[in-house]
Amino acid sequence: MNYTIEKITTLIGARRYGDLPATISFLLTDSRSLRFPEETLFFALRSERNDGHRYIEDLYRRGVRNFVVDSSYHPQLVGANFLVVPDTLEALQRLAERHRDEFNIPVVGITGSNGKTVVKEWLYQLLRNETESASVITRSPRSYNSQIGVPLSVWLLNENSRMGIFEAGISEVGEMRRLRGIIQPTIGVFTSLGSAHQENFRSLEEKCQEKLQLFHDAETIVYCSDNDIVSRCIRRSGYKGRRMAWSMEDPEARLFVSRCEVRGAMSEISYRVDNREGSYTLPFIDKASIENSVTCLAIALLLGLTSEQIADGMARLEPIAMRLEVKEGKNGCLLVNDSYNNDVNSLDIALDFMQRRSENSQLKLTLVLSDIYQSGRSQRELYREVAALAKERGVQKLIGIGPEISAEAESFDIEDKHFFPTTDAFVASEVFSSLRNEFILLKGARRFAFDNLTELLVQKVHETILEVNLNAVVDNLNYFRSFLKPDTKMVCMIKADAYGAGAVEIAKTLQEHRVDYLAVAVADEGVALRKAGITANIMVMNPEMTAFKTLFDYELEPEVYSFRLLDALVRAARKEGITGMPVHIKLDTGMHRLGFNDEDIPELIRRLKDQQAVIPRSVFSHFVGSDSEDFNEFSARQFELFTKGADQLQAAFSHHILRHMDNSAGIEHFPERQMDMCRLGIGLYGVDPWPTHGALHGEGSGLQCVSTLKTTILQLRHVPAGDSVGYSRRTILERDSVIGAIPIGYADGLNRRLGNRHGYCLVNGQRAEYVGNICMDVAMIDVTGIPCKEGDMVEIFGDNLPVSELADRLETIPYEVLTAVSNRVKRVYFKE
């Protein structure tokens with residue numbers, strides 16, 4: 001639904017500065033999520049760590065013209081609307097509340113300590129199967145259940161919505177009252193009551209009462225009556241609506257689960273409701289999933305689904321990607337990494353999951369648990385409950401990490417128990433190195449970095465990895481942006497799988513940071529991005545004539561460099577009924593690779609004007625030598641030739657055609673030639689595109705290393721002088737040596753020309769030359785005199801050994817080294 005800026009001004013009670021006509025379709029609170037600037041209203045929210053008012057000028061440059069600000073901000077930008085309110089968050093919530101008033105439809109409001117997202121998504125799956133179109137059900141994206149997330153979720157209601165499903169989460173007294181007015185549920189759902197975020201409540205009863213405020217005006221409330229606190233609080237709340245209480249203990253409950261049996265990987269559940277009986281099979285066996293399914297059952301019954309429809313839907317429920325995933329560990333271990341939540345309630349769920357998965361297994365049940373924060377309870381009381389829970393769930397070995405849990409060691413009646421002050425102390429201990437044939441649950445607060453424990457314990461199929469630093473990608477992007485004018489656009493090259501770094505993850509990062517275009521080589525690369533959820537504009541630099549249908553289907557924008565390609569593309573577009581497809585015109589100004597010549601421009605214009613299938617979105621060319629001062633004169637002639645052709649093309653069309661010629665080196669070398677857009681390639685990946693940069697400026701380029709290729713030492717052996725190493729005896733040792741074998745070879749992208757002491761890697765920061773011929777899967781290195789052991793990390797290239805060093809030794813360019821890394825090498829992405 002669309003609202004005029006005048007109506008929004010009235011709805012939120014704002015003072016308006018500016019008289020620009022506007023229709024608002026999108027609300028924005030995070031500047032990184034901007035999609036449609038012309039129809040967006042930005043709320044400048046303040047928090048303890050950030051202030052949305054800082055991003056107004058940037059958003060203005062990107063086309064946003066409508067802003068909600070507080071009274072401390074003084075509007076100065078012309079041609080924009082500023083709606084001034086006392087509190088921007090309250091204004092956002094008020095607008096969402098007025099929007100909700102427009103809809104007389106069933107709305108399910110879900111709250112509770114655990115299970116909100118699973119119940120929401122499973123309910124959506126059940127209902128989706130019984131509706132003609134899933135679009136009639138509007139639900140919260142992901143876990144949008146906060147004071148900001150709820151209004152943004154409710155704003156998604158539109159003229160097609162026939163039902164809403166929204167989560168509501170709170171962390172302190174007073175929050176739920178505001179969310180109640182926004183969601184206005186007709187059906188209220190209470191999933192569970194636990195101790196998460198308990199620190200801001202005096203008791204579980206107080207938190208329960210706060211959560212129940214969501215249902216004050218709901219027609220029906222769904223809850224489990226087996227929880228005494230929840231049942232008691234509902235009775236005391238004065239709630240006047242209907243109740244759908246379900247129970248696994250009370251046969252008199254309106255919805256009674258009469259049977260629940262686990263058979264293999266399935267749960268068989270029978271129930272009785274209003275004197276009717278039914279049953280279903282659930283493809284999950286853990287306690288949390290069973291309880292969440294019963295909650296969904298209750299809601300589905302209220303919404304009128306038959307027992308047959310429910311049974312069919314339950315059997316097809318899909319898992320929701322949350323936290324509990326079993327991974328194969330080293331030394332015969334299985335791992336469950338559940339460091340997302342760290343409270344008693346989620347611990348119970350995780351232990352139940354582990355206990356059920358370990359049935360008929362000989363593995364010892366081991367719990368690795370850190371200090372639990374924000375429980376709102378005394379330390380002694382908390383860990384006594386944890387100890388009782390661990391014993392009840394069959395934990396045979398406990399590893400406690402942190403000063404608080406260590407202080408309560410006597411509370412744990414488990415014979416095999418160990419305590420450490422820090423995660424590092426545990427990793428360095430014999431207890432860690434002796435883990436064998438155990439089912440290990442890792443349950444730790446984030447500050448204890450249990451993700452690192454998972455990395456150390458998980459079974460790695462291939463110990464050679466390419467680490468990709470996404471922070472460095474952003475830093476390099478911003479480095480080159482610093483040379484651009486505010487209105488200059490950026491297209492980032494992610495062809496060849498983002499120069500070996502992995503196109504999907506790089507594209508996600510670039511899209512998040514608002515690049516204007518992504519560029520790939522062929523259509524299939526663009527398809528992979530679209531299938532991964534990339535919505536940014538994608539330019540295809542080398543379109544193939546067999547891929548036209550793919551270009552149309554996935555909204556990819558091809559480069560056009562010849563009349564043959566243009567004519568074929570136009571014919572194909574006409575056949576498919578395509579009009580106005582954006583294309584990018586390439587001019588040859590001296591590269592002599594692809595592109596239209598100067599004399600082709602008049603005929604190019606004629607053919608473009610004589611059809612409606614495609615429309616020129618941009619025109620561009622390539623500098624031959626922007627990375628060298630030696631070619632400055634030639635670059636100037638190129639730029640003059642390009643400008644002449646681009647001006648001719650622009651003069652023939654009324655719409656603005658983007659012009660771009662600067663590449664990574666050109667952005668810095670020729671800032672006066674940046675025009676409408678620049679193309680960022682190798683510089684994005686941390687390689688200085690201008691070799692003489694340091695000499696000219698007396699310093700480094702300021703770029704950050706993105707990709708680090710690492711492996712480990714498989715084996716060390718002593719080899720006497722005179723013996724040879726590797727195939728064909730190409731390296732004869734001149735001294736007694738220590739030779740390490742590392743699991744990387746030419747099948748992984750390690751060039752064979754580096755063998756026989758023509759190149760080196762780094763072991764514990766020291767140079768280790770490659771000896772012998774590099775094999776397909778293994779290489780040998782000389783580590784004589786280098787302190788090291790089997791399992792130590794080896795850097796092939798990265799932060800300490802620049803990829804340019806390898807390229808120089810191979811007499812090639814960094815592009816080749818980066819793109820040669822094989823797909824069998826696991827990419828590991830991280831952010832600081």
# chains A, B, ... in the order shown; residues from 1 in each chain; ligands from 1
call {"tool": "select_by_dssp", "arguments": {"residues": "region 700-757 of chain A", "states": "helix (DSSP H, G or I)", "output": "ChimeraX atom specification"}}
result
/A:727-729,752-754
call {"tool": "residues_around", "arguments": {"residues": "Tyr60 (chain A)", "least_positions_apart": "6", "cutoff": "10 Å", "atoms": "only C-alpha atoms", "output": "number ranges by chain"}}
result
A: 37, 66-67, 77-80
call {"tool": "write_last_selection", "arguments": {"atoms": "all heavy atoms", "output": "tab-separated table (two decimals), in the first residue's frame"}}
result
chain	number	residue	atom	x	y	z
A	37	PRO	N	14.87	4.47	-3.56
A	37	PRO	CA	15.00	5.75	-2.85
A	37	PRO	C	13.82	6.71	-3.07
A	37	PRO	O	13.43	7.43	-2.15
A	37	PRO	CB	16.31	6.33	-3.41
A	37	PRO	CG	16.56	5.59	-4.67
A	37	PRO	CD	15.98	4.23	-4.48
A	66	ASN	N	12.80	11.79	1.56
A	66	ASN	CA	11.81	11.85	2.63
A	66	ASN	C	12.41	11.28	3.91
A	66	ASN	O	12.86	10.14	3.93
A	66	ASN	CB	10.55	11.08	2.23
A	66	ASN	CG	9.90	11.65	0.98
A	66	ASN	OD1	9.25	12.68	1.02
A	66	ASN	ND2	10.10	10.98	-0.15
A	67	PHE	N	12.38	12.11	4.99
A	67	PHE	CA	13.07	11.75	6.22
A	67	PHE	C	12.19	12.07	7.43
A	67	PHE	O	11.50	13.10	7.45
A	67	PHE	CB	14.38	12.52	6.35
A	67	PHE	CG	15.33	12.34	5.18
A	67	PHE	CD1	15.27	13.17	4.08
A	67	PHE	CD2	16.25	11.31	5.19
A	67	PHE	CE1	16.13	13.01	3.01
A	67	PHE	CE2	17.12	11.14	4.12
A	67	PHE	CZ	17.06	11.98	3.03
A	77	LEU	N	18.92	20.47	3.73
A	77	LEU	CA	18.96	19.99	2.36
A	77	LEU	C	17.72	20.46	1.61
A	77	LEU	O	16.60	20.36	2.11
A	77	LEU	CB	19.03	18.45	2.34
A	77	LEU	CG	20.24	17.83	3.05
A	77	LEU	CD1	20.12	16.32	3.09
A	77	LEU	CD2	21.53	18.24	2.36
A	78	VAL	N	17.92	20.96	0.42
A	78	VAL	CA	16.81	21.48	-0.37
A	78	VAL	C	16.20	20.35	-1.20
A	78	VAL	O	16.84	19.35	-1.50
A	78	VAL	CB	17.28	22.62	-1.30
A	78	VAL	CG1	17.79	23.79	-0.49
A	78	VAL	CG2	18.36	22.12	-2.27
A	79	GLY	N	14.94	20.54	-1.57
A	79	GLY	CA	14.27	19.55	-2.40
A	79	GLY	C	13.99	18.25	-1.69
A	79	GLY	O	14.01	17.18	-2.30
A	80	ALA	N	13.73	18.33	-0.38
A	80	ALA	CA	13.45	17.13	0.40
A	80	ALA	C	12.38	17.45	1.43
A	80	ALA	O	12.14	18.61	1.78
A	80	ALA	CB	14.71	16.61	1.09
call {"tool": "select_by_dssp", "arguments": {"residues": "region 213-413 of chain A", "states": "strand (DSSP E)", "output": "VMD selection string"}}
result
chain A and resid 220 to 224 242 to 247 255 to 263 266 to 273 276 to 282 326 to 328 334 to 337 364 to 370 397 to 401
call {"tool": "write_last_selection", "arguments": {"atoms": "N, CA and C atoms", "output": "compact mmCIF listing (two decimals), in the first residue's frame"}}
result
# COMPACT_ATOMS: atom_id res chain seq x y z
N THR A 220 -8.70 -15.00 20.83
CA THR A 220 -8.35 -16.32 21.36
C THR A 220 -6.87 -16.35 21.73
N ILE A 221 -6.54 -17.08 22.78
CA ILE A 221 -5.14 -17.24 23.16
C ILE A 221 -4.80 -18.73 23.16
N VAL A 222 -3.63 -19.05 22.62
CA VAL A 222 -3.13 -20.42 22.56
C VAL A 222 -1.93 -20.53 23.50
N TYR A 223 -1.94 -21.55 24.35
CA TYR A 223 -0.82 -21.72 25.29
C TYR A 223 -0.82 -23.15 25.81
N CYS A 224 0.30 -23.54 26.42
CA CYS A 224 0.42 -24.85 27.05
C CYS A 224 0.07 -24.71 28.53
N ARG A 242 -11.50 -16.22 24.33
CA ARG A 242 -11.49 -17.68 24.35
C ARG A 242 -10.07 -18.20 24.57
N ARG A 243 -9.99 -19.44 25.06
CA ARG A 243 -8.69 -20.04 25.34
C ARG A 243 -8.56 -21.38 24.64
N MET A 244 -7.44 -21.57 23.97
CA MET A 244 -7.10 -22.88 23.40
C MET A 244 -5.89 -23.37 24.16
N ALA A 245 -6.15 -24.00 25.31
CA ALA A 245 -5.08 -24.53 26.14
C ALA A 245 -4.80 -25.97 25.71
N TRP A 246 -3.52 -26.28 25.51
CA TRP A 246 -3.17 -27.65 25.15
C TRP A 246 -2.30 -28.25 26.25
N SER A 247 -2.36 -29.57 26.34
CA SER A 247 -1.64 -30.23 27.43
C SER A 247 -1.22 -31.63 27.01
N LEU A 255 -7.33 -29.15 24.19
CA LEU A 255 -6.53 -29.92 23.24
C LEU A 255 -5.58 -30.79 24.04
N PHE A 256 -5.81 -32.08 24.01
CA PHE A 256 -5.02 -33.01 24.80
C PHE A 256 -4.21 -33.92 23.87
N VAL A 257 -2.88 -33.95 24.10
CA VAL A 257 -2.00 -34.84 23.35
C VAL A 257 -2.02 -36.18 24.07
N SER A 258 -2.72 -37.13 23.50
CA SER A 258 -2.94 -38.41 24.17
C SER A 258 -1.82 -39.40 23.95
N ARG A 259 -1.03 -39.21 22.89
CA ARG A 259 0.06 -40.15 22.63
C ARG A 259 1.17 -39.44 21.87
N CYS A 260 2.39 -39.70 22.25
CA CYS A 260 3.55 -39.15 21.54
C CYS A 260 4.65 -40.20 21.59
N GLU A 261 4.90 -40.84 20.47
CA GLU A 261 5.90 -41.89 20.40
C GLU A 261 6.92 -41.57 19.31
N VAL A 262 8.18 -41.79 19.63
CA VAL A 262 9.26 -41.58 18.67
C VAL A 262 9.58 -42.91 18.01
N ARG A 263 9.53 -42.93 16.71
CA ARG A 263 9.86 -44.13 15.95
C ARG A 263 10.91 -43.76 14.90
N MET A 266 11.08 -40.19 13.26
CA MET A 266 9.76 -39.58 13.20
C MET A 266 9.10 -39.62 14.58
N SER A 267 8.16 -38.70 14.78
CA SER A 267 7.35 -38.71 15.99
C SER A 267 5.89 -38.91 15.59
N GLU A 268 5.22 -39.84 16.23
CA GLU A 268 3.80 -40.09 15.98
C GLU A 268 3.00 -39.50 17.13
N ILE A 269 2.08 -38.57 16.79
CA ILE A 269 1.36 -37.80 17.80
C ILE A 269 -0.14 -37.97 17.58
N SER A 270 -0.84 -38.33 18.65
CA SER A 270 -2.30 -38.43 18.62
C SER A 270 -2.86 -37.38 19.58
N TYR A 271 -4.04 -36.84 19.26
CA TYR A 271 -4.61 -35.77 20.06
C TYR A 271 -6.14 -35.86 20.06
N ARG A 272 -6.71 -35.16 21.04
CA ARG A 272 -8.16 -35.05 21.13
C ARG A 272 -8.51 -33.57 21.36
N VAL A 273 -9.44 -33.06 20.56
CA VAL A 273 -9.84 -31.66 20.69
C VAL A 273 -11.35 -31.57 20.53
N ARG A 276 -13.15 -34.54 19.41
CA ARG A 276 -12.73 -35.12 18.12
C ARG A 276 -11.30 -35.58 18.26
N GLU A 277 -10.97 -36.66 17.55
CA GLU A 277 -9.63 -37.20 17.63
C GLU A 277 -8.91 -37.07 16.30
N GLY A 278 -7.61 -36.96 16.38
CA GLY A 278 -6.79 -36.87 15.19
C GLY A 278 -5.37 -37.31 15.49
N SER A 279 -4.55 -37.37 14.46
CA SER A 279 -3.15 -37.78 14.64
C SER A 279 -2.33 -37.25 13.47
N TYR A 280 -1.02 -37.18 13.68
CA TYR A 280 -0.11 -36.79 12.60
C TYR A 280 1.27 -37.35 12.90
N THR A 281 2.07 -37.41 11.85
CA THR A 281 3.46 -37.84 11.97
C THR A 281 4.36 -36.65 11.70
N LEU A 282 5.30 -36.43 12.60
CA LEU A 282 6.20 -35.29 12.52
C LEU A 282 7.60 -35.77 12.17
N VAL A 326 24.20 -31.05 13.82
CA VAL A 326 25.19 -32.06 14.19
C VAL A 326 26.28 -32.08 13.13
N LYS A 327 27.51 -32.02 13.58
CA LYS A 327 28.66 -32.06 12.67
C LYS A 327 29.59 -33.20 13.09
N GLU A 328 30.22 -33.80 12.11
CA GLU A 328 31.17 -34.86 12.41
C GLU A 328 32.46 -34.25 12.94
N LEU A 334 30.97 -36.56 17.71
CA LEU A 334 29.92 -35.80 17.05
C LEU A 334 29.77 -34.48 17.80
N LEU A 335 29.48 -33.39 17.07
CA LEU A 335 29.41 -32.06 17.68
C LEU A 335 28.04 -31.44 17.45
N VAL A 336 27.56 -30.74 18.45
CA VAL A 336 26.40 -29.87 18.30
C VAL A 336 26.84 -28.49 18.78
N ASN A 337 26.87 -27.54 17.87
CA ASN A 337 27.25 -26.18 18.23
C ASN A 337 25.99 -25.36 18.43
N LYS A 364 29.93 -41.14 24.61
CA LYS A 364 29.73 -40.48 25.91
C LYS A 364 29.11 -39.10 25.68
N LEU A 365 28.10 -38.75 26.51
CA LEU A 365 27.45 -37.43 26.39
C LEU A 365 28.27 -36.40 27.16
N THR A 366 28.82 -35.44 26.43
CA THR A 366 29.69 -34.43 27.01
C THR A 366 29.08 -33.04 26.80
N LEU A 367 29.01 -32.27 27.85
CA LEU A 367 28.52 -30.89 27.78
C LEU A 367 29.67 -29.94 28.04
N VAL A 368 29.93 -29.05 27.06
CA VAL A 368 30.90 -27.97 27.24
C VAL A 368 30.09 -26.70 27.41
N LEU A 369 30.11 -26.14 28.61
CA LEU A 369 29.21 -25.04 28.97
C LEU A 369 29.99 -23.86 29.55
N SER A 370 29.68 -22.66 29.05
CA SER A 370 30.33 -21.47 29.59
C SER A 370 29.46 -20.84 30.67
N LYS A 397 29.82 -36.23 31.12
CA LYS A 397 31.07 -35.47 31.25
C LYS A 397 30.75 -34.00 31.11
N LEU A 398 31.23 -33.20 32.04
CA LEU A 398 30.98 -31.76 32.02
C LEU A 398 32.30 -31.01 31.95
N ILE A 399 32.35 -30.05 31.03
CA ILE A 399 33.49 -29.15 30.93
C ILE A 399 32.95 -27.74 31.08
N GLY A 400 33.21 -27.11 32.22
CA GLY A 400 32.74 -25.76 32.49
C GLY A 400 33.82 -24.74 32.20
N ILE A 401 33.44 -23.67 31.51
CA ILE A 401 34.41 -22.63 31.12
C ILE A 401 33.91 -21.28 31.59
call {"tool": "closest_residue", "arguments": {"among": "A:Arg236, A:Lys485, A:Arg514, A:His660", "to": "Leu34 (chain A)", "atoms": "only C-alpha atoms"}}
result
A:Arg514
call {"tool": "atom_distance", "arguments": {"atom1": "CA of Ile299 (chain A)", "atom2": "CA of Ser153 (chain A)"}}
result
20.3 Å
call {"tool": "atom_distance", "arguments": {"atom1": "CA of Ala253 (chain A)", "atom2": "CA of Gly164 (chain A)"}}
result
27.2 Å
call {"tool": "residues_around", "arguments": {"residues": "region 615-624 of chain A", "least_positions_apart": "3", "cutoff": "9 Å", "atoms": "only C-alpha atoms", "output": "PyMOL selection string"}}
result
chain A and resi 557+579-591+595+608-609+611-612+627+631+634-635+638-639+642+645-646+649+653+655-663+666
call {"tool": "closest_residue", "arguments": {"among": "A:Thr509, A:Ser31, A:Ser724, A:Asn292", "to": "Phe43 (chain A)", "atoms": "only C-alpha atoms"}}
result
A:Ser31
call {"tool": "atom_distance", "arguments": {"atom1": "CA of Arg564 (chain A)", "atom2": "CA of Phe596 (chain A)"}}
result
11.1 Å
call {"tool": "closest_residue", "arguments": {"among": "A:Tyr829, A:Ala407, A:Val614, A:Tyr554", "to": "Gly577 (chain A)", "atoms": "only C-alpha atoms"}}
result
A:Val614
call {"tool": "residues_around", "arguments": {"residues": "region 801-816 of chain A", "least_positions_apart": "5", "cutoff": "7 Å", "atoms": "only C-alpha atoms", "output": "VMD selection string"}}
result
chain A and resid 499 753 759
call {"tool": "residues_around", "arguments": {"residues": "Ala532 (chain A)", "least_positions_apart": "6", "cutoff": "12 Å", "atoms": "only C-alpha atoms", "output": "list in words"}}
result
Ala503, Val504, Glu505, Ile506, Ala507, Lys508, Glu525, Gly526 and Tyr554 of chain A
call {"tool": "closest_residue", "arguments": {"among": "A:Leu193, A:Leu556, A:Cys492, A:Ile744", "to": "Arg824 (chain A)", "atoms": "only C-alpha atoms"}}
result
A:Ile744
call {"tool": "closest_residue", "arguments": {"among": "A:Ile494, A:Leu551, A:Ala651, A:Leu714", "to": "Leu684 (chain A)", "atoms": "only C-alpha atoms"}}
result
A:Ile494
call {"tool": "closest_residue", "arguments": {"among": "A:Gln309, A:Asn2, A:Thr186, A:Thr454", "to": "Asp338 (chain A)", "atoms": "only C-alpha atoms"}}
result
A:Thr454
call {"tool": "residues_around", "arguments": {"residues": "Pro787 (chain A)", "least_positions_apart": "3", "cutoff": "9 Å", "atoms": "only C-alpha atoms", "output": "list in words"}}
result
Val763, Asn764, Val783 and Thr784 of chain A
